[in-house]
Amino acid sequence: MSNQISKIGLIKEPVTETRVALLPEDVRKLVETSPGVSIVFEANLAVHIGISDSRYLEAGAIRMESSSEIIDYSDVIVCIQPVYDLRLSRKDKVFVGWFNCLNQLNHLSIYKEGRFTILSLDLLPRTTIAQRMDSLSSMASLNGYKAVIKGTDQLGLALPMMTTAAGTIKPGNTLVVGAGVAGLQAIATAKRLGARVSAFDVRAAAAEEARSLGARFLEVKGEINKSSVGGYAVEQSAQMLIEQQELLHEAAISSVLIICTAQIPGRRAPVLITEKSIYGMQPGSVIVDLAAETGGNTELTEKDKTIEVNGVTIIGNSNLHREIPYTASRLLSSNFYHFIHHLLAKGMEDDLILQTAAVKNGRIIHPKIIQLIEES
């Protein structure tokens with residue numbers, strides 16, 4: 001495909017996706033800063049979050065009635081979820097999205113067959129220049145916040161300490177497993193609600209961050225494992241996992257709310273809360289497992305389901321940000337705006353852009369994806 005981009009299309013998401021990739025204020029900024037670039041959008045693109053088509057028209061975008069019409073017209077199609085019906089499209093198309101490529105390899109097949117190009121924001125490197133485009137961090141932060149709110153709502157007790165005429169209520173113990181972006185936000189939210197918070201993570205850098213937010217950090221005796229390049233956790237040795245599970249078992253059975261966030265990109269989420277621990281928890285307790293999409297951090301998590309085991313509620317949902325769609329769309333739209341602005345300024349061969357390319361002209365080129373395919 002030519003590096004010259006003149007037509008950008010915004011299409012509606014599947015019904016399960018409540019977020020919108022670009023909001024009118026960011027469309028306006030793209031129109032004003034990119035002479036010669038037109039932006040088209042599908043009718044009723046964001047009405048479900050209270051944004052009318054007229055606001056997109058006022059921002060300088062052009063309305064079209066169907067996604068197929070937009071895909072056929074545009075050089076770049078912006079969406080969050082993958083698009084599967086591409087039969088009417090020319091082959092020289094670029095799809096900019098948030099396709100979770102490392103965990104959902106099946107998304108790539110139709111793009112390979114059609115010789116399309118995929119640029120996915122979940123593949124962005126953790127660099128200074130990419131910080132404003134970091135949708136993983138934006139959504140993880142909302143997930144951590146919403147996990148505590150949703151978990152607290154399911155609890156049959158109050159989290160903060162309260163002194164009343166009938167006596168004093170002790171603060172509820174909350175355990176946060178994984179102290180990355182989602183975990184740190186969960187710690188901060190639980191502390192604001194008055195909980196007594198403990199946190200666990202295998203990365204050395206996480207200890208100081210968790211303690212700075214008021215959490216008690218749980219450490220396995222000996223060295224805490226280092227993170228990989230980019231700050232993600234790495235897989236642990238068998239002995240380390242045994243020691244972790246013993247430590248976490250004691251913390252879990254004394255907690256009324258557990259927030260699970262530990263994930264390894266491209267791998268199954270580590271199982272850190274055992275069935276034994278769940279059966280040892282107080283009835284009425286709640287576990288919110290944000291790692292459900294990649295298997296979950298508990299032995300009993302079921303993806304996209306809420307189940308009850310021995311009186312303990314386990315919420316398996318990696319996409320709680322969809323339950324606050326307007327705020328999620330605001331953050332995601334800013335991420336997409338900065339990415340597209342960079343794409344328009346630098347072109348398809350820019351190093352940062354290439355690092356987000358899962359598929360280029362029908363060929364898988366991302367090293368991590370190639371490695372995962374070879375291992376599967």
# chains A, B, ... in the order shown; residues from 1 in each chain; ligands from 1
$ residues_around --residues "region 136-151 of chain A" --least-positions-apart "4" --cutoff "8 Å" --atoms "only C-alpha atoms" --output "list in words"
Leu121, Asp122, Leu155, Val181, Ala182, Gly183, Leu184, Gln185, Ala186, Thr189, Ala190, Leu257, Ile259, Thr261, Val286, Ile287, Val288, Leu290, Ser318, Asn319, Leu320, His321, Ala328, Leu331 and Leu332 of chain A
$ write_last_selection --atoms "N, CA and C atoms" --output "PDB file, in the first residue's frame"
ATOM      1  N   LEU A 121      -2.908  -1.593  18.615  1.00  0.00           N
ATOM      2  CA  LEU A 121      -2.321  -0.802  19.698  1.00  0.00           C
ATOM      3  C   LEU A 121      -1.866  -1.643  20.876  1.00  0.00           C
ATOM      4  N   ASP A 122      -2.360  -2.875  21.010  1.00  0.00           N
ATOM      5  CA  ASP A 122      -1.888  -3.715  22.109  1.00  0.00           C
ATOM      6  C   ASP A 122      -0.450  -4.186  21.897  1.00  0.00           C
ATOM      7  N   LEU A 155     -20.353  -7.823  47.536  1.00  0.00           N
ATOM      8  CA  LEU A 155     -20.115  -8.233  48.911  1.00  0.00           C
ATOM      9  C   LEU A 155     -21.347  -8.003  49.787  1.00  0.00           C
ATOM     10  N   VAL A 181      -0.577  -2.005  36.274  1.00  0.00           N
ATOM     11  CA  VAL A 181      -1.448  -0.825  36.193  1.00  0.00           C
ATOM     12  C   VAL A 181      -2.821  -1.115  36.800  1.00  0.00           C
ATOM     13  N   ALA A 182      -3.428  -2.241  36.422  1.00  0.00           N
ATOM     14  CA  ALA A 182      -4.747  -2.584  36.949  1.00  0.00           C
ATOM     15  C   ALA A 182      -4.686  -2.825  38.450  1.00  0.00           C
ATOM     16  N   GLY A 183      -3.670  -3.549  38.884  1.00  0.00           N
ATOM     17  CA  GLY A 183      -3.545  -3.856  40.300  1.00  0.00           C
ATOM     18  C   GLY A 183      -3.322  -2.621  41.148  1.00  0.00           C
ATOM     19  N   LEU A 184      -2.491  -1.716  40.674  1.00  0.00           N
ATOM     20  CA  LEU A 184      -2.230  -0.489  41.441  1.00  0.00           C
ATOM     21  C   LEU A 184      -3.484   0.369  41.546  1.00  0.00           C
ATOM     22  N   GLN A 185      -4.258   0.431  40.477  1.00  0.00           N
ATOM     23  CA  GLN A 185      -5.506   1.178  40.541  1.00  0.00           C
ATOM     24  C   GLN A 185      -6.493   0.496  41.490  1.00  0.00           C
ATOM     25  N   ALA A 186      -6.489  -0.837  41.492  1.00  0.00           N
ATOM     26  CA  ALA A 186      -7.349  -1.570  42.422  1.00  0.00           C
ATOM     27  C   ALA A 186      -6.949  -1.294  43.865  1.00  0.00           C
ATOM     28  N   THR A 189      -8.115   2.230  44.766  1.00  0.00           N
ATOM     29  CA  THR A 189      -9.567   2.310  44.908  1.00  0.00           C
ATOM     30  C   THR A 189     -10.029   1.635  46.198  1.00  0.00           C
ATOM     31  N   ALA A 190      -9.476   0.452  46.487  1.00  0.00           N
ATOM     32  CA  ALA A 190      -9.845  -0.257  47.717  1.00  0.00           C
ATOM     33  C   ALA A 190      -9.454   0.540  48.959  1.00  0.00           C
ATOM     34  N   LEU A 257     -12.393  -9.892  49.756  1.00  0.00           N
ATOM     35  CA  LEU A 257     -12.392  -9.454  48.363  1.00  0.00           C
ATOM     36  C   LEU A 257     -11.010  -9.683  47.774  1.00  0.00           C
ATOM     37  N   ILE A 259      -8.883  -9.274  44.100  1.00  0.00           N
ATOM     38  CA  ILE A 259      -8.833  -8.757  42.730  1.00  0.00           C
ATOM     39  C   ILE A 259      -7.626  -9.390  42.045  1.00  0.00           C
ATOM     40  N   THR A 261      -5.217  -9.792  38.752  1.00  0.00           N
ATOM     41  CA  THR A 261      -4.836  -9.033  37.556  1.00  0.00           C
ATOM     42  C   THR A 261      -3.587  -9.576  36.866  1.00  0.00           C
ATOM     43  N   VAL A 286     -15.857 -12.380  47.625  1.00  0.00           N
ATOM     44  CA  VAL A 286     -15.924 -12.177  46.177  1.00  0.00           C
ATOM     45  C   VAL A 286     -14.514 -12.170  45.586  1.00  0.00           C
ATOM     46  N   ILE A 287     -14.362 -12.827  44.437  1.00  0.00           N
ATOM     47  CA  ILE A 287     -13.135 -12.759  43.642  1.00  0.00           C
ATOM     48  C   ILE A 287     -13.490 -12.159  42.288  1.00  0.00           C
ATOM     49  N   VAL A 288     -12.775 -11.124  41.882  1.00  0.00           N
ATOM     50  CA  VAL A 288     -12.933 -10.558  40.541  1.00  0.00           C
ATOM     51  C   VAL A 288     -11.662 -10.872  39.773  1.00  0.00           C
ATOM     52  N   LEU A 290      -9.643 -10.451  36.598  1.00  0.00           N
ATOM     53  CA  LEU A 290      -9.431  -9.701  35.353  1.00  0.00           C
ATOM     54  C   LEU A 290      -8.566 -10.464  34.358  1.00  0.00           C
ATOM     55  N   SER A 318     -12.508  -9.930  31.923  1.00  0.00           N
ATOM     56  CA  SER A 318     -11.304  -9.149  31.614  1.00  0.00           C
ATOM     57  C   SER A 318     -11.623  -7.797  30.994  1.00  0.00           C
ATOM     58  N   ASN A 319     -12.903  -7.507  30.808  1.00  0.00           N
ATOM     59  CA  ASN A 319     -13.296  -6.298  30.068  1.00  0.00           C
ATOM     60  C   ASN A 319     -14.298  -5.454  30.849  1.00  0.00           C
ATOM     61  N   LEU A 320     -14.020  -5.250  32.123  1.00  0.00           N
ATOM     62  CA  LEU A 320     -14.935  -4.447  32.931  1.00  0.00           C
ATOM     63  C   LEU A 320     -14.985  -2.990  32.480  1.00  0.00           C
ATOM     64  N   HIS A 321     -13.944  -2.550  31.751  1.00  0.00           N
ATOM     65  CA  HIS A 321     -13.974  -1.177  31.233  1.00  0.00           C
ATOM     66  C   HIS A 321     -15.185  -0.940  30.323  1.00  0.00           C
ATOM     67  N   ALA A 328     -14.323   5.039  29.219  1.00  0.00           N
ATOM     68  CA  ALA A 328     -13.406   4.186  28.471  1.00  0.00           C
ATOM     69  C   ALA A 328     -13.186   4.719  27.055  1.00  0.00           C
ATOM     70  N   LEU A 331     -10.804   7.824  27.033  1.00  0.00           N
ATOM     71  CA  LEU A 331      -9.392   7.475  27.133  1.00  0.00           C
ATOM     72  C   LEU A 331      -8.897   6.801  25.859  1.00  0.00           C
ATOM     73  N   LEU A 332      -9.683   5.844  25.366  1.00  0.00           N
ATOM     74  CA  LEU A 332      -9.274   5.104  24.179  1.00  0.00           C
ATOM     75  C   LEU A 332      -9.198   6.022  22.960  1.00  0.00           C
TER      76      LEU A 332
END
$ select_by_dssp --residues "region 163-326 of chain A" --states "alpha helix (DSSP H)" --output "number ranges by chain"
A: 181-192, 204-212, 238-253, 275-280, 325-326
$ residues_around --residues "Leu123 (chain A)" --least-positions-apart "5" --cutoff "9 Å" --atoms "only C-alpha atoms" --output "ChimeraX atom specification"
/A:98,100-102,355-358,366
$ residues_around --residues "Glu246 (chain A)" --least-positions-apart "6" --cutoff "12 Å" --atoms "only C-alpha atoms" --output "ChimeraX atom specification"
/A:218-221,239-240,252-253,272-274,276-277
$ residues_around --residues "region 114-116 of chain A" --least-positions-apart "4" --cutoff "8 Å" --atoms "only C-alpha atoms" --output "list in words"
Leu86, Lys91, Asp92, Lys93, Val94, Phe95, Ile110, Val359, Lys360, Asn361, Gly362 and Arg363 of chain A
$ closest_residue --among "A:Thr163, A:Gln104, A:Thr168, A:Ser254" --to "Thr294 (chain A)" --atoms "only C-alpha atoms"
A:Gln104
$ select_by_dssp --residues "region 118-339 of chain A" --states "strand (DSSP E)" --output "number ranges by chain"
A: 118-120, 162-164, 167-169, 173-177, 196-200, 216-218, 257-260, 286-289, 305-309, 312-316
$ write_last_selection --atoms "N, CA and C atoms" --output "compact mmCIF listing (two decimals), in the first residue's frame"
# COMPACT_ATOMS: atom_id res chain seq x y z
N ILE A 118 -2.65 -5.06 9.50
CA ILE A 118 -3.20 -4.81 10.83
C ILE A 118 -2.17 -4.04 11.65
N LEU A 119 -2.59 -2.90 12.19
CA LEU A 119 -1.81 -2.18 13.20
C LEU A 119 -2.62 -2.23 14.49
N SER A 120 -2.08 -2.88 15.51
CA SER A 120 -2.84 -3.10 16.74
C SER A 120 -2.16 -2.43 17.92
N MET A 162 -15.93 1.03 60.68
CA MET A 162 -16.98 1.95 61.10
C MET A 162 -17.21 1.80 62.61
N THR A 163 -17.29 2.92 63.28
CA THR A 163 -17.64 2.92 64.70
C THR A 163 -19.07 3.40 64.84
N THR A 164 -19.92 2.54 65.34
CA THR A 164 -21.34 2.84 65.46
C THR A 164 -21.81 2.62 66.90
N GLY A 167 -21.47 -0.87 67.92
CA GLY A 167 -20.14 -1.45 67.98
C GLY A 167 -19.29 -1.05 66.80
N THR A 168 -18.07 -1.56 66.76
CA THR A 168 -17.11 -1.21 65.71
C THR A 168 -17.03 -2.32 64.67
N ILE A 169 -17.10 -1.93 63.41
CA ILE A 169 -16.95 -2.87 62.30
C ILE A 169 -15.50 -2.80 61.83
N ASN A 173 -10.61 -7.16 54.66
CA ASN A 173 -9.32 -7.46 54.04
C ASN A 173 -9.50 -7.67 52.54
N THR A 174 -8.70 -6.96 51.76
CA THR A 174 -8.72 -7.09 50.30
C THR A 174 -7.34 -7.51 49.83
N LEU A 175 -7.30 -8.49 48.94
CA LEU A 175 -6.04 -8.97 48.36
C LEU A 175 -6.02 -8.64 46.88
N VAL A 176 -4.96 -7.97 46.43
CA VAL A 176 -4.78 -7.65 45.01
C VAL A 176 -3.62 -8.49 44.49
N VAL A 177 -3.92 -9.35 43.53
CA VAL A 177 -2.92 -10.26 42.96
C VAL A 177 -2.45 -9.68 41.63
N ARG A 196 -8.55 -2.80 54.20
CA ARG A 196 -7.18 -3.13 54.55
C ARG A 196 -6.64 -3.96 53.39
N VAL A 197 -5.60 -3.48 52.70
CA VAL A 197 -5.20 -4.06 51.42
C VAL A 197 -3.83 -4.74 51.51
N SER A 198 -3.77 -5.95 50.97
CA SER A 198 -2.50 -6.65 50.76
C SER A 198 -2.32 -6.83 49.26
N ALA A 199 -1.08 -6.87 48.82
CA ALA A 199 -0.80 -7.00 47.38
C ALA A 199 0.31 -8.00 47.16
N PHE A 200 0.25 -8.65 45.99
CA PHE A 200 1.28 -9.63 45.63
C PHE A 200 1.67 -9.43 44.18
N ARG A 216 -0.01 -3.60 52.08
CA ARG A 216 1.02 -4.48 52.65
C ARG A 216 1.46 -5.42 51.54
N PHE A 217 2.77 -5.44 51.25
CA PHE A 217 3.24 -6.24 50.13
C PHE A 217 3.68 -7.62 50.61
N LEU A 218 3.17 -8.66 49.96
CA LEU A 218 3.48 -10.03 50.31
C LEU A 218 4.69 -10.49 49.51
N LEU A 257 -12.39 -9.89 49.76
CA LEU A 257 -12.39 -9.45 48.36
C LEU A 257 -11.01 -9.68 47.77
N ILE A 258 -10.96 -10.39 46.64
CA ILE A 258 -9.70 -10.62 45.93
C ILE A 258 -9.84 -10.09 44.51
N ILE A 259 -8.88 -9.27 44.10
CA ILE A 259 -8.83 -8.76 42.73
C ILE A 259 -7.63 -9.39 42.04
N CYS A 260 -7.87 -10.15 40.98
CA CYS A 260 -6.80 -10.85 40.26
C CYS A 260 -6.49 -10.12 38.95
N VAL A 286 -15.86 -12.38 47.62
CA VAL A 286 -15.92 -12.18 46.18
C VAL A 286 -14.51 -12.17 45.59
N ILE A 287 -14.36 -12.83 44.44
CA ILE A 287 -13.14 -12.76 43.64
C ILE A 287 -13.49 -12.16 42.29
N VAL A 288 -12.78 -11.12 41.88
CA VAL A 288 -12.93 -10.56 40.54
C VAL A 288 -11.66 -10.87 39.77
N ASP A 289 -11.78 -11.69 38.73
CA ASP A 289 -10.61 -12.17 38.00
C ASP A 289 -10.50 -11.46 36.65
N LYS A 305 -18.07 -15.38 32.83
CA LYS A 305 -19.14 -15.92 33.65
C LYS A 305 -18.95 -15.51 35.10
N THR A 306 -20.05 -15.39 35.82
CA THR A 306 -20.02 -15.21 37.27
C THR A 306 -20.58 -16.47 37.90
N ILE A 307 -19.78 -17.12 38.72
CA ILE A 307 -20.19 -18.38 39.34
C ILE A 307 -20.08 -18.26 40.85
N GLU A 308 -20.69 -19.19 41.55
CA GLU A 308 -20.59 -19.24 43.00
C GLU A 308 -20.08 -20.61 43.42
N VAL A 309 -19.04 -20.63 44.23
CA VAL A 309 -18.43 -21.87 44.71
C VAL A 309 -18.35 -21.81 46.23
N VAL A 312 -18.67 -18.48 47.68
CA VAL A 312 -17.75 -17.46 47.18
C VAL A 312 -18.10 -17.13 45.72
N THR A 313 -18.31 -15.87 45.43
CA THR A 313 -18.62 -15.44 44.06
C THR A 313 -17.34 -15.17 43.30
N ILE A 314 -17.23 -15.77 42.10
CA ILE A 314 -16.05 -15.56 41.24
C ILE A 314 -16.53 -14.92 39.94
N ILE A 315 -16.10 -13.69 39.71
CA ILE A 315 -16.46 -12.94 38.50
C ILE A 315 -15.30 -13.03 37.51
N GLY A 316 -15.51 -13.73 36.41
CA GLY A 316 -14.46 -13.88 35.40
C GLY A 316 -14.69 -12.91 34.25
$ closest_residue --among "A:Glu275, A:Asp26, A:Glu65, A:Glu32" --to "Ile340 (chain A)" --atoms "only C-alpha atoms"
A:Asp26
$ closest_residue --among "A:Arg203, A:Arg126, A:Arg28, A:Lys12" --to "Ile71 (chain A)" --atoms "only C-alpha atoms"
A:Lys12
$ residues_around --residues "region 78-85 of chain A" --least-positions-apart "3" --cutoff "8 Å" --atoms "only C-alpha atoms" --output "compact mmCIF listing (two decimals) with C-alpha atoms, in the first residue's frame"
# COMPACT_ATOMS: atom_id res chain seq x y z
CA ILE A 8 -9.98 7.32 7.35
CA GLY A 9 -13.10 5.35 8.23
CA LEU A 10 -14.80 4.77 11.59
CA ILE A 11 -17.15 1.78 11.81
CA LYS A 12 -19.56 0.56 14.46
CA GLU A 13 -18.43 -2.17 16.82
CA PRO A 14 -20.15 -5.50 17.55
CA GLU A 17 -18.28 -3.81 22.47
CA ARG A 19 -16.56 1.54 23.57
CA VAL A 20 -15.99 3.87 20.60
CA ALA A 21 -12.56 4.23 19.01
CA PHE A 95 -6.92 -1.70 9.96
CA VAL A 96 -6.01 0.20 13.13
CA GLY A 97 -7.47 -1.41 16.22
CA TRP A 98 -6.98 -3.07 19.58
CA PHE A 99 -7.10 -6.67 18.47
CA HIS A 107 -8.08 -12.79 14.59
CA ILE A 110 -8.91 -13.37 7.49
$ closest_residue --among "A:Asp201, A:Ser255, A:Ala215, A:Gly156" --to "Pro270 (chain A)" --atoms "only C-alpha atoms"
A:Asp201
